[in-house]
Structures are given as structure tokens and as C-alpha cells.
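Engineer: Contents of protein-v6.cif (mmCIF, C-alpha atoms and all ligand atoms) are given next:
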```cif
data_final
#
loop_
_atom_site.label_atom_id
_atom_site.label_comp_id
_atom_site.auth_asym_id
_atom_site.auth_seq_id
_atom_site.Cartn_x
_atom_site.Cartn_y
_atom_site.Cartn_z
CA MET A 152 -11.06 -1.07 18.41
CA GLU A 153 -12.83 -3.98 16.73
CA PRO A 154 -11.35 -7.38 17.68
CA ARG A 155 -10.44 -8.40 14.12
CA LEU A 156 -8.65 -5.12 13.54
CA LYS A 157 -6.91 -5.40 16.89
CA ALA A 158 -5.49 -8.77 15.87
CA VAL A 159 -4.23 -7.31 12.61
CA VAL A 160 -2.69 -4.31 14.32
CA GLY A 161 -1.11 -6.41 17.03
CA SER A 162 0.31 -9.25 15.01
CA ARG A 163 0.99 -8.06 11.49
CA MET A 164 2.06 -4.46 11.69
CA GLY A 165 4.71 -4.75 14.37
CA GLN A 166 8.45 -4.71 13.94
CA ARG A 167 8.70 -8.48 14.04
CA HIS A 168 8.47 -8.99 10.32
CA GLY A 169 12.14 -8.53 9.51
CA PRO A 170 13.48 -10.24 6.42
CA GLU A 171 14.95 -12.99 8.54
CA HIS A 172 11.44 -14.16 9.41
CA TYR A 173 10.23 -14.57 5.87
CA ASP A 174 10.01 -18.22 4.88
CA GLY A 175 7.80 -17.79 1.82
CA SER A 176 5.88 -20.94 2.65
CA MET A 177 2.70 -19.71 4.28
CA THR A 178 -0.59 -21.15 3.11
CA ASN A 179 -2.71 -18.88 1.02
CA PRO A 180 -6.11 -18.15 2.60
CA LEU A 181 -7.37 -16.70 -0.70
CA SER A 182 -6.23 -19.55 -2.94
CA ASP A 183 -9.76 -20.48 -3.91
CA ALA A 184 -10.22 -17.09 -5.55
CA SER A 185 -11.79 -17.32 -8.97
CA SER A 186 -9.95 -14.35 -10.47
CA ARG A 187 -6.80 -15.25 -12.46
CA VAL A 188 -6.28 -11.82 -13.98
CA GLY A 189 -2.62 -11.89 -12.96
CA SER A 190 -1.67 -15.16 -14.58
CA GLY A 191 1.72 -15.06 -16.28
CA LEU A 192 2.87 -12.00 -14.32
CA ARG A 193 5.64 -11.80 -11.72
CA ILE A 194 4.97 -9.16 -9.10
CA GLY A 195 7.68 -8.21 -6.64
CA VAL A 196 6.79 -7.32 -3.07
CA LEU A 197 9.42 -5.40 -1.12
CA ALA A 198 10.11 -7.84 1.73
CA LEU A 199 12.24 -5.83 4.17
CA GLN A 200 9.62 -5.11 6.85
CA GLY A 201 5.87 -4.91 7.23
CA ASP A 202 3.02 -7.02 5.87
CA PHE A 203 4.65 -8.22 2.66
CA ARG A 204 3.32 -11.75 3.15
CA GLU A 205 -0.26 -10.54 2.89
CA HIS A 206 0.53 -8.76 -0.38
CA ILE A 207 2.21 -11.89 -1.77
CA HIS A 208 -0.96 -13.84 -0.91
CA ALA A 209 -3.14 -11.18 -2.53
CA VAL A 210 -1.25 -11.18 -5.86
CA GLU A 211 -1.12 -14.99 -5.86
CA ALA A 212 -4.88 -15.07 -5.28
CA ALA A 213 -5.15 -13.05 -8.50
CA GLY A 214 -3.08 -15.66 -10.34
CA ALA A 215 0.26 -13.79 -10.48
CA ALA A 216 3.54 -15.04 -9.03
CA GLY A 217 4.36 -13.02 -5.87
CA VAL A 218 8.10 -12.60 -5.38
CA GLY A 219 9.63 -11.26 -2.14
CA ILE A 220 12.29 -8.67 -3.02
CA ARG A 221 15.34 -8.30 -0.80
CA ARG A 222 18.16 -8.00 -3.33
CA PRO A 223 18.64 -5.51 -6.17
CA SER A 224 18.96 -8.30 -8.77
CA GLU A 225 15.50 -9.58 -7.80
CA LEU A 226 14.04 -6.37 -9.22
CA ASP A 227 15.26 -7.21 -12.71
CA ASP A 228 12.58 -9.59 -13.83
CA VAL A 229 9.40 -8.34 -12.16
CA ASP A 230 6.46 -6.80 -14.02
CA GLY A 231 5.43 -4.65 -11.07
CA LEU A 232 6.40 -3.88 -7.48
CA ILE A 233 4.38 -3.54 -4.27
CA ILE A 234 5.65 -1.57 -1.29
CA PRO A 235 3.79 -2.93 1.75
CA GLY A 236 2.42 -1.39 4.91
CA GLY A 237 4.70 -1.33 7.92
CA GLU A 238 6.91 1.48 9.15
CA SER A 239 8.12 3.86 6.47
CA THR A 240 11.18 5.00 8.43
CA THR A 241 12.31 1.38 8.89
CA ILE A 242 11.68 0.43 5.26
CA ASP A 243 13.56 3.59 4.21
CA LYS A 244 16.59 2.65 6.35
CA LEU A 245 16.57 -1.03 5.37
CA SER A 246 16.26 -0.17 1.69
CA ARG A 247 19.57 1.66 1.94
CA ILE A 248 21.25 -1.08 3.97
CA PHE A 249 20.06 -3.67 1.41
CA GLU A 250 21.19 -1.37 -1.44
CA LEU A 251 17.68 -1.33 -2.88
CA ARG A 252 16.93 2.37 -2.61
CA ASP A 253 18.60 3.55 -5.82
CA PRO A 254 17.53 0.55 -7.92
CA ILE A 255 13.93 1.08 -6.80
CA LYS A 256 14.10 4.80 -7.62
CA ASP A 257 15.57 3.94 -11.03
CA ARG A 258 12.84 1.38 -11.76
CA ILE A 259 10.15 3.89 -10.75
CA ALA A 260 11.71 6.45 -13.09
CA ASP A 261 11.80 3.81 -15.86
CA GLY A 262 8.04 3.33 -15.54
CA LEU A 263 7.79 0.13 -13.54
CA PRO A 264 4.23 -0.08 -12.17
CA VAL A 265 4.37 0.30 -8.38
CA TYR A 266 1.61 0.05 -5.77
CA GLY A 267 2.20 1.32 -2.23
CA SER A 268 -0.16 0.66 0.69
CA CYS A 269 0.06 2.81 3.82
CA ALA A 270 3.81 3.02 4.60
CA GLY A 271 4.19 2.18 0.90
CA MET A 272 2.15 5.27 -0.01
CA ILE A 273 4.48 7.37 2.16
CA LEU A 274 7.51 5.88 0.41
CA LEU A 275 6.07 6.73 -3.04
CA ALA A 276 5.23 10.33 -2.08
CA ASP A 277 7.46 13.13 -3.31
CA GLU A 278 6.87 15.00 -0.05
CA ILE A 279 6.06 14.21 3.59
CA ALA A 280 4.36 17.01 5.54
CA ASP A 281 5.75 15.83 8.88
CA PRO A 282 8.76 13.58 8.23
CA ALA A 283 10.33 11.70 11.12
CA LYS A 284 13.88 12.83 11.90
CA ASP A 285 16.83 10.65 12.84
CA LEU A 286 19.16 11.38 15.76
CA ASN A 287 21.14 13.82 13.61
CA GLY A 288 17.99 15.68 12.64
CA ASN A 289 17.90 14.32 9.08
CA PRO A 290 14.35 13.82 7.82
CA GLN A 291 13.25 10.40 6.62
CA GLN A 292 13.45 9.94 2.88
CA THR A 293 11.15 8.43 0.30
CA PHE A 294 11.62 6.75 -3.07
CA GLY A 295 9.28 9.38 -4.49
CA GLY A 296 7.70 9.45 -7.93
CA LEU A 297 4.16 10.36 -6.91
CA ASP A 298 3.51 14.11 -6.95
CA ILE A 299 1.68 14.18 -3.62
CA THR A 300 2.26 15.41 -0.07
CA VAL A 301 1.30 12.94 2.65
CA ARG A 302 0.83 13.41 6.37
CA ARG A 303 1.91 10.42 8.42
CA ASN A 304 -0.31 8.96 11.15
CA ALA A 305 -2.86 11.55 10.09
CA PHE A 306 -5.92 9.75 11.45
CA GLY A 307 -4.40 9.36 14.88
CA ARG A 308 -2.53 6.76 16.84
CA GLN A 309 -2.63 2.98 16.75
CA ARG A 310 -5.70 2.81 18.96
CA GLU A 311 -7.55 5.13 16.58
CA SER A 312 -7.18 2.57 13.80
CA PHE A 313 -10.53 2.14 12.08
CA GLU A 314 -12.45 0.52 9.25
CA THR A 315 -14.85 2.20 6.82
CA ASP A 316 -16.43 1.71 3.39
CA LEU A 317 -15.11 3.78 0.49
CA ASP A 318 -16.37 4.58 -3.00
CA PHE A 319 -13.33 3.76 -5.09
CA LYS A 320 -12.92 4.92 -8.69
CA GLY A 321 -11.52 2.66 -11.37
CA LEU A 322 -13.10 -0.61 -10.24
CA ASP A 323 -15.74 -0.74 -12.99
CA PHE A 324 -14.40 -4.14 -14.04
CA SER A 325 -15.93 -5.49 -10.82
CA ALA A 326 -19.40 -4.00 -11.33
CA GLY A 327 -22.33 -6.27 -10.62
CA GLU A 328 -26.02 -5.62 -11.20
CA SER A 329 -26.08 -2.97 -8.48
CA GLY A 330 -22.89 -1.27 -9.64
CA VAL A 331 -19.49 -1.33 -7.96
CA ASP A 332 -19.53 -2.39 -4.32
CA PRO A 333 -17.71 -0.09 -1.90
CA VAL A 334 -14.23 -1.04 -0.76
CA HIS A 335 -14.02 -2.02 2.88
CA ALA A 336 -10.89 -0.24 4.07
CA VAL A 337 -8.76 -0.86 7.16
CA PHE A 338 -6.70 2.10 8.41
CA ILE A 339 -3.80 1.40 10.77
CA ARG A 340 -1.86 4.57 11.59
CA GLY A 341 -2.27 5.44 7.94
CA PRO A 342 -1.34 8.66 6.16
CA TRP A 343 -3.70 10.89 4.25
CA VAL A 344 -2.88 12.88 1.16
CA GLU A 345 -2.83 16.65 1.71
CA ARG A 346 -1.80 17.78 -1.76
CA VAL A 347 -2.07 16.19 -5.18
CA GLY A 348 -0.19 17.37 -8.25
CA PRO A 349 -2.00 18.11 -11.53
CA ASN A 350 -1.42 14.62 -12.96
CA VAL A 351 -2.63 12.75 -9.90
CA GLU A 352 -6.09 11.22 -9.97
CA ILE A 353 -8.00 10.94 -6.69
CA LEU A 354 -9.53 7.45 -6.43
CA ALA A 355 -11.04 7.52 -2.94
CA GLN A 356 -11.68 9.79 0.01
CA VAL A 357 -12.85 9.09 3.54
CA ASP A 358 -16.29 10.62 3.94
CA PRO A 359 -16.47 12.41 7.32
CA ASP A 360 -20.22 11.65 7.54
CA HIS A 361 -19.46 7.94 7.50
CA ALA A 362 -16.36 8.00 9.62
CA SER A 363 -17.63 9.14 12.98
CA HIS A 364 -15.15 6.77 14.63
CA THR A 365 -12.29 9.15 13.92
CA ALA A 366 -12.36 12.59 15.49
CA THR A 367 -9.39 13.71 13.44
CA LEU A 368 -11.36 14.46 10.26
CA HIS A 369 -13.11 17.60 11.61
CA GLY A 370 -15.75 17.30 8.90
CA VAL A 371 -13.24 17.33 6.04
CA ALA A 372 -13.09 14.56 3.42
CA ARG A 373 -9.55 13.20 3.18
CA ILE A 374 -7.87 11.65 0.17
CA VAL A 375 -6.84 8.05 0.79
CA ALA A 376 -6.24 6.56 -2.66
CA VAL A 377 -4.51 8.06 -5.69
CA ARG A 378 -3.09 7.08 -9.05
CA SER A 379 -0.64 8.81 -11.32
CA GLY A 380 0.24 6.90 -14.48
CA HIS A 381 2.04 3.72 -13.42
CA LEU A 382 1.90 4.52 -9.69
CA LEU A 383 -0.96 3.57 -7.35
CA ALA A 384 -1.19 4.25 -3.61
CA THR A 385 -3.70 3.67 -0.82
CA SER A 386 -3.62 4.85 2.81
CA PHE A 387 -5.30 1.62 3.82
CA HIS A 388 -4.60 -2.11 3.62
CA PRO A 389 -6.68 -4.12 1.14
CA GLU A 390 -4.21 -6.96 1.70
CA VAL A 391 -5.51 -7.66 5.22
CA THR A 392 -9.24 -7.85 4.48
CA GLY A 393 -9.45 -10.20 1.51
CA GLU A 394 -10.43 -7.23 -0.70
CA LYS A 395 -8.99 -8.31 -4.06
CA ARG A 396 -10.03 -5.51 -6.37
CA VAL A 397 -7.28 -3.02 -5.55
CA HIS A 398 -4.64 -5.63 -6.43
CA GLU A 399 -6.66 -6.50 -9.52
CA LEU A 400 -6.67 -2.83 -10.52
CA PHE A 401 -2.89 -2.78 -10.09
CA ILE A 402 -2.58 -5.92 -12.24
CA ARG A 403 -4.75 -4.30 -14.91
CA MET A 404 -2.43 -1.27 -14.79
CA ILE A 405 0.53 -3.61 -15.36
CA ARG A 406 -1.32 -5.19 -18.28
CA GLY A 407 -2.10 -1.77 -19.72
CA GLU A 408 -5.82 -2.45 -19.29
CA ALA A 409 -6.47 0.30 -16.76
N1 LIG B 1 2.53 5.06 10.36
C1 LIG B 1 3.31 4.20 9.51
C2 LIG B 1 4.44 4.97 8.84
O1 LIG B 1 4.54 6.11 8.97
C3 LIG B 1 2.47 3.54 8.44
C4 LIG B 1 1.53 2.54 9.07
C5 LIG B 1 1.18 1.39 8.21
O2 LIG B 1 1.79 1.11 7.17
N2 LIG B 1 0.23 0.62 8.67
O3 LIG B 1 5.23 4.37 8.18
#
```
Since I need it in another form, could you write the structure as C-alpha cells?

Structural biologist:
Amino acid sequence: MEPRLKAVVGSRMGQRHGPEHYDGSMTNPLSDASSRVGSGLRIGVLALQGDFREHIHAVEAAGAAGVGIRRPSELDDVDGLIIPGGESTTIDKLSRIFELRDPIKDRIADGLPVYGSCAGMILLADEIADPAKDLNGNPQQTFGGLDITVRRNAFGRQRESFETDLDFKGLDFSAGESGVDPVHAVFIRGPWVERVGPNVEILAQVDPDHASHTATLHGVARIVAVRSGHLLATSFHPEVTGEKRVHELFIRMIRGEA
């Protein structure tokens, strides 16, 4: 595994990011970003577990206010919600303990724009191909809303985490003279999408010819980014690489510009 990725996997994706550790006062490494497309918006980031800090930094780099969400009332005045990477079973359990599960489902049904990365994609999926089961045999649950089936940990285990470049639809706003640059994507025990419903747009797939580092593809392109109306999901983590355009796309969705 590449050293930079190893650091990300080791320090940011573990179980240590419980809500009690969030102090909301970290410095923003992207604060010199020129893009202010988010200005005037408040974007909630579900802050129960996982890499919510990185998402808060990413939306703030785009000029929006990033608000950690841990209470139902905090959902009332946000323009959009991000469900971070982390561990979908843990976020599922904590969302019920913190009484956020039903309010989040209601807000999704009301049309609140929501972006889920990695575990967040799993939590937005209507169906999990291989759900984890609790001690009583009950399968993990999702908030749902996105008509997709995901497979968890599809690319392999933690040590099979990898990075690759993706062609990503919908980023025309970022086109330069040579077109739209590929998105550099970091995969950390990410899911892939095995089924998409008729209203789901495929935004990106891992190309097996350019992903020789993972043996799990078996020559098949796998869907790793989708959009359906107000819902956006990626199997990977733009929030850990300084890639701003996926968050900018989400902000444009909130603004009704994408
Ligand atoms: N494998 C994790 C899950 O199932 C997702 C990993 C991640 O978000 N980096 O929740």
C-alpha cells in the first residue's frame, strides 16, 4: 500500500472518531481554495463516526458552512447532508442511539440533497448484497433512498485499499483547455454498486485495465459513483485527497445548478 494511503487508512478510518472526539476546531488545509461556490449554504455532515472532519473541511473549502450533525434538531436548518466514510454498521447503530435514523430518512424522503461517500454510499443504498448481521442475526440497515444494490468491501480488505484515476461525469463546470481532468480516487474497503435502478445515473466506473492493483475486478468495470435526483454517492473518498470537484458537484445539486 502506498505510504500516503496507509496513513489515511490507519489514522482516519478507524473507530477512534467517535462523537466525543469531535472538537470542530481543526485547521483547514484547503482554506486557500479559490472556489466559493458554496457561499451562503449550510451543509450538515453526519458526525457520529468516520471521517466527518475531512468532509467539513471540504465543504468549507468550497465556501459553505460545514455543520457537524449529532442531534435531530441540527438537521432542521441545513441545505444538504453528507454521510461520511467510516463503518456503515457503526453509523447505522449510532444513528438509532442518537435518534437520527428516522429524521434522516424523513429528510431524504422530503428531497434534502444528500451525498454519501463509501460507508455513506452503503447507508444511502436501498439494498446491501451482503449485509453484516448482529448477534441476533438481524442484518444491518440503511437509510435508503437510492435505488441501488451495493456490495460491501467489494474490492477486498484493508490492505487491498488502492488509488486510481476515474473519468467522472457531471464535472463539466471544471473543464479546462484539455477537458475535464480525471478524478483521483482513494478506495478504502469501499463498496461497489452491483445494480442500479432505472432512475440512477452512473457517474464513474473503475476501469479494470487501469486498476491492475486490485485482483478483485476480474476484468469487469465496476460502478463507483452514482446520482439519482437529489442523492449522490461515491465508493471512494474525495474528502481525503483534496479533490474538491465532487463536493462542488454536490453544492451545485443543492443550488439546483446540476
Ligand atoms: N467497509 C466499510 C463499511 O462497510 C466502508 C469503508 C469506508 O467507508 N472507508 O461500512

Engineer: Per residue of chain A within 9 Å of ligand LIG 1 (chain B), what are the shortest atom pair and its distance in Å to one decimal, counting all atoms listed in the file, with rows by chain and residue number, as a Markdown table?

Structural biologist:
```
| residue | atom | partner | partner_atom | distance |
| --- | --- | --- | --- | --- |
| A:Val160 | CA | B:LIG1 | N2 | 8.0 |
| A:Met164 | CA | B:LIG1 | N2 | 6.2 |
| A:Gly201 | CA | B:LIG1 | O2 | 7.3 |
| A:Asp202 | CA | B:LIG1 | O2 | 8.3 |
| A:Pro235 | CA | B:LIG1 | O2 | 7.0 |
| A:Gly236 | CA | B:LIG1 | O2 | 3.4 |
| A:Gly237 | CA | B:LIG1 | O2 | 3.9 |
| A:Glu238 | CA | B:LIG1 | O3 | 3.5 |
| A:Ser239 | CA | B:LIG1 | O3 | 3.4 |
| A:Thr240 | CA | B:LIG1 | O3 | 6.0 |
| A:Thr241 | CA | B:LIG1 | O3 | 7.7 |
| A:Ile242 | CA | B:LIG1 | O3 | 8.1 |
| A:Ser268 | CA | B:LIG1 | O2 | 6.8 |
| A:Cys269 | CA | B:LIG1 | O2 | 4.1 |
| A:Ala270 | CA | B:LIG1 | O2 | 3.8 |
| A:Gly271 | CA | B:LIG1 | O2 | 6.8 |
| A:Met272 | CA | B:LIG1 | O2 | 8.3 |
| A:Ile273 | CA | B:LIG1 | O3 | 6.8 |
| A:Leu274 | CA | B:LIG1 | O3 | 8.2 |
| A:Pro282 | CA | B:LIG1 | O1 | 8.6 |
| A:Ala283 | CA | B:LIG1 | O1 | 8.3 |
| A:Arg302 | CA | B:LIG1 | O1 | 8.6 |
| A:Arg303 | CA | B:LIG1 | O1 | 5.1 |
| A:Asn304 | CA | B:LIG1 | N1 | 4.9 |
| A:Ala305 | CA | B:LIG1 | N1 | 8.4 |
| A:Arg308 | CA | B:LIG1 | N1 | 8.4 |
| A:Gln309 | CA | B:LIG1 | N1 | 8.5 |
| A:Phe338 | CA | B:LIG1 | N2 | 7.1 |
| A:Ile339 | CA | B:LIG1 | N2 | 4.6 |
| A:Arg340 | CA | B:LIG1 | N1 | 4.6 |
| A:Gly341 | CA | B:LIG1 | C4 | 4.9 |
| A:Pro342 | CA | B:LIG1 | N1 | 6.8 |
| A:Ser386 | CA | B:LIG1 | O2 | 7.9 |
| A:Phe387 | CA | B:LIG1 | N2 | 7.4 |
| A:His388 | CA | B:LIG1 | N2 | 7.5 |
```

Engineer: How big is the axis-aligned box, and where does its centre sit, when it encloses all atoms of range 207-216 of chain A listed in the file and has 3 Å added on every side, reported in Å to one decimal as JSON?

Structural biologist:
```
{"center_x": -0.8, "center_y": -13.4, "center_z": -5.7, "size_x": 14.7, "size_y": 10.5, "size_z": 15.6}
```

Engineer: Using CA of Leu382 in chain A and CA of Pro264 in chain A as the two end points, give the distance in Å to one decimal.

Structural biologist: 5.7 Å

Engineer: Quick one: everything within 9 Å of Gly191 in chain A, counting only C-alpha atoms, minus sequence neighbours fewer than 6 positions away in the same chain. Send it as a VMD selection string.

Structural biologist: chain A and resid 214 to 216

Engineer: Could you pull the residues within 7 Å of range 217-224 of chain A, counting all atoms listed in the file, minus those fewer than 3 positions along the same chain, as a list in words?

Structural biologist: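 In the requested format, the answer is Arg193, Ile194, Gly195, Val196, Leu197, Ala198, Leu199, Ile207, Val210, Glu211, Asp227, Phe249, Glu250, Leu251 and Pro254 of chain A.
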
Engineer: Give as JSON, numbers by chain the set of residues within 8 Å of the point (13.6, 1.3, -0.6), where distances use the file's coordinates and all atoms listed in the file.

Structural biologist: {"A": [197, 242, 243, 244, 245, 246, 247, 251, 252, 253, 255, 256, 274, 293, 294]}

Engineer: Using only C-alpha atoms for the distances, tell me which of A:Leu400, A:Ala213, A:Ala384, A:Ile279 is nearest to Arg346 in chain A.

Structural biologist: A:Ile279

Engineer: What's the 9 Å shell around Val337 in chain A, counting only C-alpha atoms, without same-chain residues fewer than 2 positions away, as JSON, numbers by chain?

Structural biologist: {"A": [156, 312, 313, 314, 315, 316, 335, 339, 386, 387, 388, 389, 391, 392]}

Engineer: Counting only C-alpha atoms, which residue out of A:Asp281, A:Glu390, A:Glu205, A:Asp298 sits closest to Gly348 in chain A?

Structural biologist: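 Between A:Asp281, A:Glu390, A:Glu205, A:Asp298, the residue approaching Gly348 in chain A most closely is A:Asp298.
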
Engineer: For a test of reading the model, state the distance in Å between CA of Tyr266 in chain A and CA of Ala372 in chain A, rounded to one decimal.

Structural biologist: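 Atom-to-atom, CA of Tyr266 in chain A and CA of Ala372 in chain A are spaced 22.6 Å apart.
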
Engineer: One number please: CA of Ala280 in chain A to CA of Val377 in chain A, in Å, one decimal.

Structural biologist: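 Value for the CA of Ala280 in chain A-CA of Val377 in chain A distance: 16.9 Å.
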
Engineer: When distances are computed from only C-alpha atoms, which of A:Val265, A:Ala409, A:Val357, A:Ile234 shows the smallest separation from His369 in chain A?

Structural biologist: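 Among A:Val265, A:Ala409, A:Val357, A:Ile234, it is A:Val357 that comes nearest to His369 in chain A.
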
Engineer: Once you count only C-alpha atoms, which residues end up no further than 12 Å from (-21.2, 8.8, 5.8) in the file's frame, shown as a list in words?

Structural biologist: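 Here is the list of nearby residues: Thr315, Asp316, Leu317, Asp318, Gln356, Val357, Asp358, Pro359, Asp360, His361, Ala362, Ser363, His364, Gly370, Val371 and Ala372 of chain A.
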
Engineer: Rank A:Leu263, A:Val375, A:Val188, A:Gly307 by their smallest atom-to-atom distance to Leu226 in chain A, using only C-alpha atoms, and report the top residue only.

Structural biologist: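 Nearest candidate to Leu226 in chain A out of A:Leu263, A:Val375, A:Val188, A:Gly307: A:Leu263.
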
Engineer: With only C-alpha atoms as the basis for distance, which of A:Ala326, A:Ala336, A:Val344, A:Ala355 is at the shortest distance from Gly393 in chain A?

Structural biologist: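 Comparing A:Ala326, A:Ala336, A:Val344, A:Ala355 against Gly393 in chain A, the winner is A:Ala336.
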
Engineer: Just so I have it separately, write range 327-339 of chain A from the block I sent, keeping N, CA and C atoms, as a short mmCIF file (atom, residue, chain, number, x, y, z; two decimals), in the first residue's frame.

Structural biologist:
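Output below, filename result-v9.cif:
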```
data_model
loop_
_atom_site.label_atom_id
_atom_site.label_comp_id
_atom_site.auth_asym_id
_atom_site.auth_seq_id
_atom_site.Cartn_x
_atom_site.Cartn_y
_atom_site.Cartn_z
N GLY A 327 -11.05 22.45 -18.26
CA GLY A 327 -10.02 23.39 -18.70
C GLY A 327 -9.83 23.23 -20.19
N GLU A 328 -8.70 23.73 -20.70
CA GLU A 328 -8.47 23.65 -22.15
C GLU A 328 -8.43 22.21 -22.65
N SER A 329 -7.94 21.30 -21.81
CA SER A 329 -7.84 19.90 -22.24
C SER A 329 -9.02 19.07 -21.74
N GLY A 330 -10.11 19.72 -21.42
CA GLY A 330 -11.29 18.97 -20.96
C GLY A 330 -11.31 18.83 -19.46
N VAL A 331 -12.05 17.82 -18.99
CA VAL A 331 -12.20 17.60 -17.55
C VAL A 331 -11.10 16.65 -17.09
N ASP A 332 -10.33 17.05 -16.12
CA ASP A 332 -9.30 16.15 -15.59
C ASP A 332 -9.95 14.97 -14.88
N PRO A 333 -9.28 13.80 -14.92
CA PRO A 333 -9.83 12.66 -14.17
C PRO A 333 -9.83 12.94 -12.67
N VAL A 334 -10.68 12.21 -11.98
CA VAL A 334 -10.75 12.31 -10.52
C VAL A 334 -9.82 11.27 -9.92
N HIS A 335 -8.91 11.72 -9.08
CA HIS A 335 -8.04 10.76 -8.40
C HIS A 335 -8.79 10.21 -7.19
N ALA A 336 -9.03 8.91 -7.20
CA ALA A 336 -9.93 8.31 -6.22
C ALA A 336 -9.20 7.35 -5.29
N VAL A 337 -9.47 7.50 -4.00
CA VAL A 337 -8.90 6.62 -2.96
C VAL A 337 -9.99 5.66 -2.49
N PHE A 338 -9.70 4.37 -2.56
CA PHE A 338 -10.65 3.34 -2.14
C PHE A 338 -10.13 2.67 -0.87
N ILE A 339 -10.92 2.70 0.18
CA ILE A 339 -10.52 2.09 1.46
C ILE A 339 -11.65 1.17 1.91
#
```
